[in-house]
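Containing PDB, C-alpha atoms, pLDDT in the B column: data-v9.pdb.
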ATOM      1  CA  MET T  11      21.402  -8.812  -8.986  1.00 59.00           C
ATOM      2  CA  LEU T  12      22.173  -6.070  -6.502  1.00 67.00           C
ATOM      3  CA  TYR T  13      23.907  -2.800  -7.296  1.00 73.00           C
ATOM      4  CA  CYS T  14      25.601  -0.322  -4.991  1.00 77.00           C
ATOM      5  CA  ALA T  15      23.402   2.694  -4.278  1.00 72.00           C
ATOM      6  CA  LYS T  16      26.470   4.952  -4.082  1.00 76.00           C
ATOM      7  CA  CYS T  17      28.634   3.948  -7.069  1.00 80.00           C
ATOM      8  CA  GLY T  18      26.447   1.526  -9.087  1.00 76.00           C
ATOM      9  CA  ALA T  19      28.880  -1.402  -8.974  1.00 82.00           C
ATOM     10  CA  LYS T  20      27.518  -4.953  -9.126  1.00 83.00           C
ATOM     11  CA  LEU T  21      27.315  -6.637  -5.731  1.00 81.00           C
ATOM     12  CA  ASP T  22      27.160 -10.221  -4.528  1.00 80.00           C
ATOM     13  CA  ASP T  23      23.870 -11.232  -2.920  1.00 75.00           C
ATOM     14  CA  ALA T  24      25.561 -11.773   0.454  1.00 78.00           C
ATOM     15  CA  ALA T  25      27.688  -8.594   0.345  1.00 82.00           C
ATOM     16  CA  ARG T  26      27.505  -6.234   3.311  1.00 83.00           C
ATOM     17  CA  PHE T  27      29.843  -3.632   1.797  1.00 86.00           C
ATOM     18  CA  CYS T  28      30.570  -2.543  -1.765  1.00 86.00           C
ATOM     19  CA  SER T  29      33.888  -3.942  -3.019  1.00 85.00           C
ATOM     20  CA  SER T  30      34.437  -0.831  -5.171  1.00 87.00           C
ATOM     21  CA  CYS T  31      33.661   2.105  -2.871  1.00 90.00           C
ATOM     22  CA  GLY T  32      33.248   0.519   0.576  1.00 87.00           C
ATOM     23  CA  ALA T  33      29.702   1.796   1.159  1.00 85.00           C
ATOM     24  CA  SER T  34      27.488  -0.376   3.335  1.00 83.00           C
ATOM     25  CA  VAL T  35      24.848  -2.341   1.481  1.00 81.00           C
ATOM     26  CA  ALA T  36      21.305  -1.926   2.736  1.00 73.00           C
ATOM     27  CA  LYS T  37      19.145  -5.014   2.816  1.00 74.00           C
ATOM     28  CA  ILE T  38      16.199  -4.886   0.394  1.00 74.00           C
ATOM     29  CA  THR T  39      12.947  -6.626   1.254  1.00 81.00           C
ATOM     30  CA  SER T  40      10.033  -7.268  -1.050  1.00 85.00           C
ATOM     31  CA  GLU T  41       6.296  -7.135  -0.317  1.00 89.00           C
ATOM     32  CA  GLU T  42       3.413  -7.959  -2.637  1.00 91.00           C
ATOM     33  CA  TYR T  43      -0.102  -6.486  -2.547  1.00 87.00           C
ATOM     34  CA  SER T  44      -3.170  -7.368  -4.581  1.00 89.00           C
ATOM     35  CA  VAL T  45      -5.237  -4.352  -5.574  1.00 86.00           C
ATOM     36  CA  SER T  46      -8.182  -3.741  -7.839  1.00 83.00           C
ATOM     37  CA  SER T  47      -7.727  -1.488 -10.830  1.00 74.00           C
ATOM     38  CA  ASP T  48      -9.899   1.151  -9.134  1.00 78.00           C
ATOM     39  CA  ASN T  49      -7.443   1.511  -6.232  1.00 81.00           C
ATOM     40  CA  LEU T  50      -4.187   1.077  -8.173  1.00 80.00           C
ATOM     41  CA  ILE T  51      -3.226   4.736  -8.577  1.00 78.00           C
ATOM     42  CA  GLU T  52      -4.149   5.659  -5.006  1.00 83.00           C
ATOM     43  CA  ARG T  53      -2.184   2.730  -3.561  1.00 83.00           C
ATOM     44  CA  VAL T  54       0.934   3.545  -5.590  1.00 79.00           C
ATOM     45  CA  LYS T  55       0.768   7.196  -4.489  1.00 78.00           C
ATOM     46  CA  GLU T  56       0.530   6.093  -0.841  1.00 82.00           C
ATOM     47  CA  LEU T  57       3.531   3.802  -1.246  1.00 79.00           C
ATOM     48  CA  LEU T  58       5.672   6.492  -2.863  1.00 74.00           C
ATOM     49  CA  HIS T  59       4.933   8.895  -0.004  1.00 76.00           C
ATOM     50  CA  GLU T  60       6.208   6.374   2.565  1.00 75.00           C
ATOM     51  CA  GLY T  61       9.759   7.224   1.541  1.00 69.00           C
ATOM     52  CA  ASN T  62      11.793   4.051   2.124  1.00 73.00           C
ATOM     53  CA  ILE T  63      10.823   2.440  -1.179  1.00 77.00           C
ATOM     54  CA  THR T  64      13.437   1.665  -3.814  1.00 77.00           C
ATOM     55  CA  ARG T  65      11.161   0.328  -6.563  1.00 80.00           C
ATOM     56  CA  ILE T  66       7.504  -0.420  -7.296  1.00 83.00           C
ATOM     57  CA  ILE T  67       6.582  -3.114  -9.816  1.00 86.00           C
ATOM     58  CA  VAL T  68       3.026  -3.445 -11.150  1.00 86.00           C
ATOM     59  CA  LYS T  69       2.092  -6.905 -12.458  1.00 89.00           C
ATOM     60  CA  ASN T  70      -1.063  -8.257 -14.058  1.00 85.00           C
ATOM     61  CA  GLU T  71      -3.027 -11.297 -12.830  1.00 83.00           C
ATOM     62  CA  LYS T  72      -0.714 -13.665 -14.730  1.00 87.00           C
ATOM     63  CA  GLY T  73       2.402 -12.184 -13.125  1.00 87.00           C
ATOM     64  CA  ASP T  74       3.643 -10.303 -16.195  1.00 89.00           C
ATOM     65  CA  VAL T  75       5.402  -7.022 -15.372  1.00 88.00           C
ATOM     66  CA  LEU T  76       3.384  -4.080 -16.676  1.00 84.00           C
ATOM     67  CA  LEU T  77       5.310  -1.173 -15.143  1.00 82.00           C
ATOM     68  CA  GLU T  78       8.378  -0.576 -12.981  1.00 83.00           C
ATOM     69  CA  ILE T  79       8.713   2.699 -11.092  1.00 78.00           C
ATOM     70  CA  PRO T  80      12.109   3.567  -9.574  1.00 75.00           C
ATOM     71  CA  ALA T  81      12.026   5.349  -6.213  1.00 67.00           C
ATOM     72  CA  THR T  82      13.781   8.445  -7.524  1.00 57.00           C
ATOM     73  CA  VAL T  83      10.665   9.260  -9.550  1.00 47.00           C
ATOM     74  CA  GLY T  84       8.609   9.584  -6.385  1.00 46.00           C
ATOM     75  CA  VAL T  85      10.946  12.247  -5.019  1.00 50.00           C
ATOM     76  CA  ILE T  86      10.228  14.688  -7.845  1.00 49.00           C
ATOM     77  CA  GLY T  87       6.484  15.189  -8.211  1.00 50.00           C
ATOM     78  CA  PHE T  88       6.296  16.571 -11.749  1.00 45.00           C
ATOM     79  CA  VAL T  89       8.349  13.656 -13.095  1.00 54.00           C
ATOM     80  CA  PHE T  90       5.719  11.310 -11.671  1.00 57.00           C
ATOM     81  CA  VAL T  91       3.007  12.593 -14.055  1.00 59.00           C
ATOM     82  CA  PRO T  92       3.958  10.303 -17.002  1.00 68.00           C
ATOM     83  CA  TRP T  93       4.076   7.315 -14.646  1.00 64.00           C
ATOM     84  CA  LEU T  94       0.635   8.282 -13.352  1.00 67.00           C
ATOM     85  CA  ALA T  95      -0.728   8.360 -16.897  1.00 69.00           C
ATOM     86  CA  ALA T  96       0.735   4.905 -17.531  1.00 74.00           C
ATOM     87  CA  LEU T  97      -0.860   3.621 -14.319  1.00 72.00           C
ATOM     88  CA  GLY T  98      -4.201   5.014 -15.485  1.00 72.00           C
ATOM     89  CA  ALA T  99      -3.906   3.098 -18.763  1.00 72.00           C
ATOM     90  CA  ILE T 100      -2.995  -0.093 -16.901  1.00 72.00           C
ATOM     91  CA  ALA T 101      -5.927   0.377 -14.528  1.00 70.00           C
ATOM     92  CA  ALA T 102      -8.263   0.731 -17.517  1.00 63.00           C
ATOM     93  CA  LEU T 103      -7.045  -2.544 -19.064  1.00 68.00           C
ATOM     94  CA  ALA T 104      -6.532  -4.778 -16.036  1.00 70.00           C
ATOM     95  CA  THR T 105      -9.130  -5.872 -13.516  1.00 72.00           C
ATOM     96  CA  LYS T 106      -6.757  -6.891 -10.728  1.00 82.00           C
ATOM     97  CA  CYS T 107      -3.097  -6.060 -10.301  1.00 82.00           C
ATOM     98  CA  LYS T 108      -0.281  -7.112  -8.037  1.00 87.00           C
ATOM     99  CA  VAL T 109       1.970  -4.401  -6.676  1.00 86.00           C
ATOM    100  CA  VAL T 110       5.435  -5.533  -5.616  1.00 88.00           C
ATOM    101  CA  VAL T 111       7.230  -3.080  -3.344  1.00 87.00           C
ATOM    102  CA  GLU T 112      10.977  -3.228  -2.707  1.00 80.00           C
ATOM    103  CA  ARG T 113      12.098  -1.453   0.462  1.00 79.00           C
ATOM    104  CA  ARG T 114      15.559  -0.631   1.717  1.00 71.00           C
ATOM    105  CA  GLU T 115      16.086  -1.394   5.391  1.00 67.00           C
TER     106      GLU T 115
END

What is this file in structure tokens?
Amino acid sequence: MLYCAKCGAKLDDAARFCSSCGASVAKITSEEYSVSSDNLIERVKELLHEGNITRIIVKNEKGDVLLEIPATVGVIGFVFVPWLAALGAIAALATKCKVVVERRE
């Protein structure tokens, strides 16, 4: 389900403009990376610094979602500290993780 970035209204999957506020809807693409637990924190930091990311999802080997990080957290550095601690705990428990990155085009 897509939501408008400007007003938060629910959008149809094929919508190009928000029916509530008229804002254009950016297309969101998804990429998946496999990383070892040793490189998990570094890889997530790199992705957040790229800037065009809307959400990062960390999954375990089975595909279960362990952590979701919204892009707004990456903008404010001190808010990222709790997420970093959670990533450290995940890295200690999991051997391999999948990182799903959603980008706005």

Interatomic distance (Å, one decimal) between CA of Ser46 (chain T) and CA of Thr64 (chain T):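 CA of Ser46 (chain T) sits 22.6 Å away from CA of Thr64 (chain T).
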
Option closest in space to Ala101 (chain T), from T:Val45, T:Ile38, T:Ala33, T:Cys14 [counting all atoms listed in the file]: T:Val45

Å distance separating CA of Lys69 (chain T) from CA of Asp48 (chain T), one decimal place: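 So the two atoms, CA of Lys69 (chain T) and CA of Asp48 (chain T), lie 14.8 Å apart.
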
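Taking only C-alpha atoms into account, Ala36 (chain T) lies nearest to T:Ala15 out of the set T:Ala15, T:Ala96, T:Asn49, T:Glu56.
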
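Evaluated against this file, the PyMOL selection byres ((chain T and resi 27-31) around 12) yields Leu12, Tyr13, Cys14, Ala15, Lys16, Cys17, Gly18, Ala19, Lys20, Leu21, Asp22, Asp23, Ala24, Ala25, Arg26, Gly32, Ala33, Ser34, Val35, Ala36 and Lys37 of chain T.
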
Taking the file as shown, what set of residues would the PyMOL selection byres ((chain T and resi 110) around 6) give back, as a compact mmCIF listing (two decimals) with C-alpha atoms, keeping the file's coordinate frame?
# COMPACT_ATOMS: atom_id res chain seq x y z
CA GLU T 41 6.30 -7.14 -0.32
CA GLU T 42 3.41 -7.96 -2.64
CA ILE T 66 7.50 -0.42 -7.30
CA ILE T 67 6.58 -3.11 -9.82
CA VAL T 109 1.97 -4.40 -6.68
CA VAL T 111 7.23 -3.08 -3.34

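As for CA of Val75 (chain T) and CA of Ala104 (chain T), they are spaced 12.2 Å apart.
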
The PyMOL selection byres ((chain T and resi 62) around 7) applied to the shown file, residues as JSON, numbers by chain: {"T": [60, 61, 63, 64, 113, 114]}

Which centre and which edge lengths, in Å to one decimal, describe the axis-aligned box that holds all listed atoms of region 51-60 of chain T after 4 Å is added on each side, as lines of an AutoDock Vina configuration file?
center_x = 1.0
center_y = 5.8
center_z = -3.0
size_x = 18.4
size_y = 14.2
size_z = 19.1
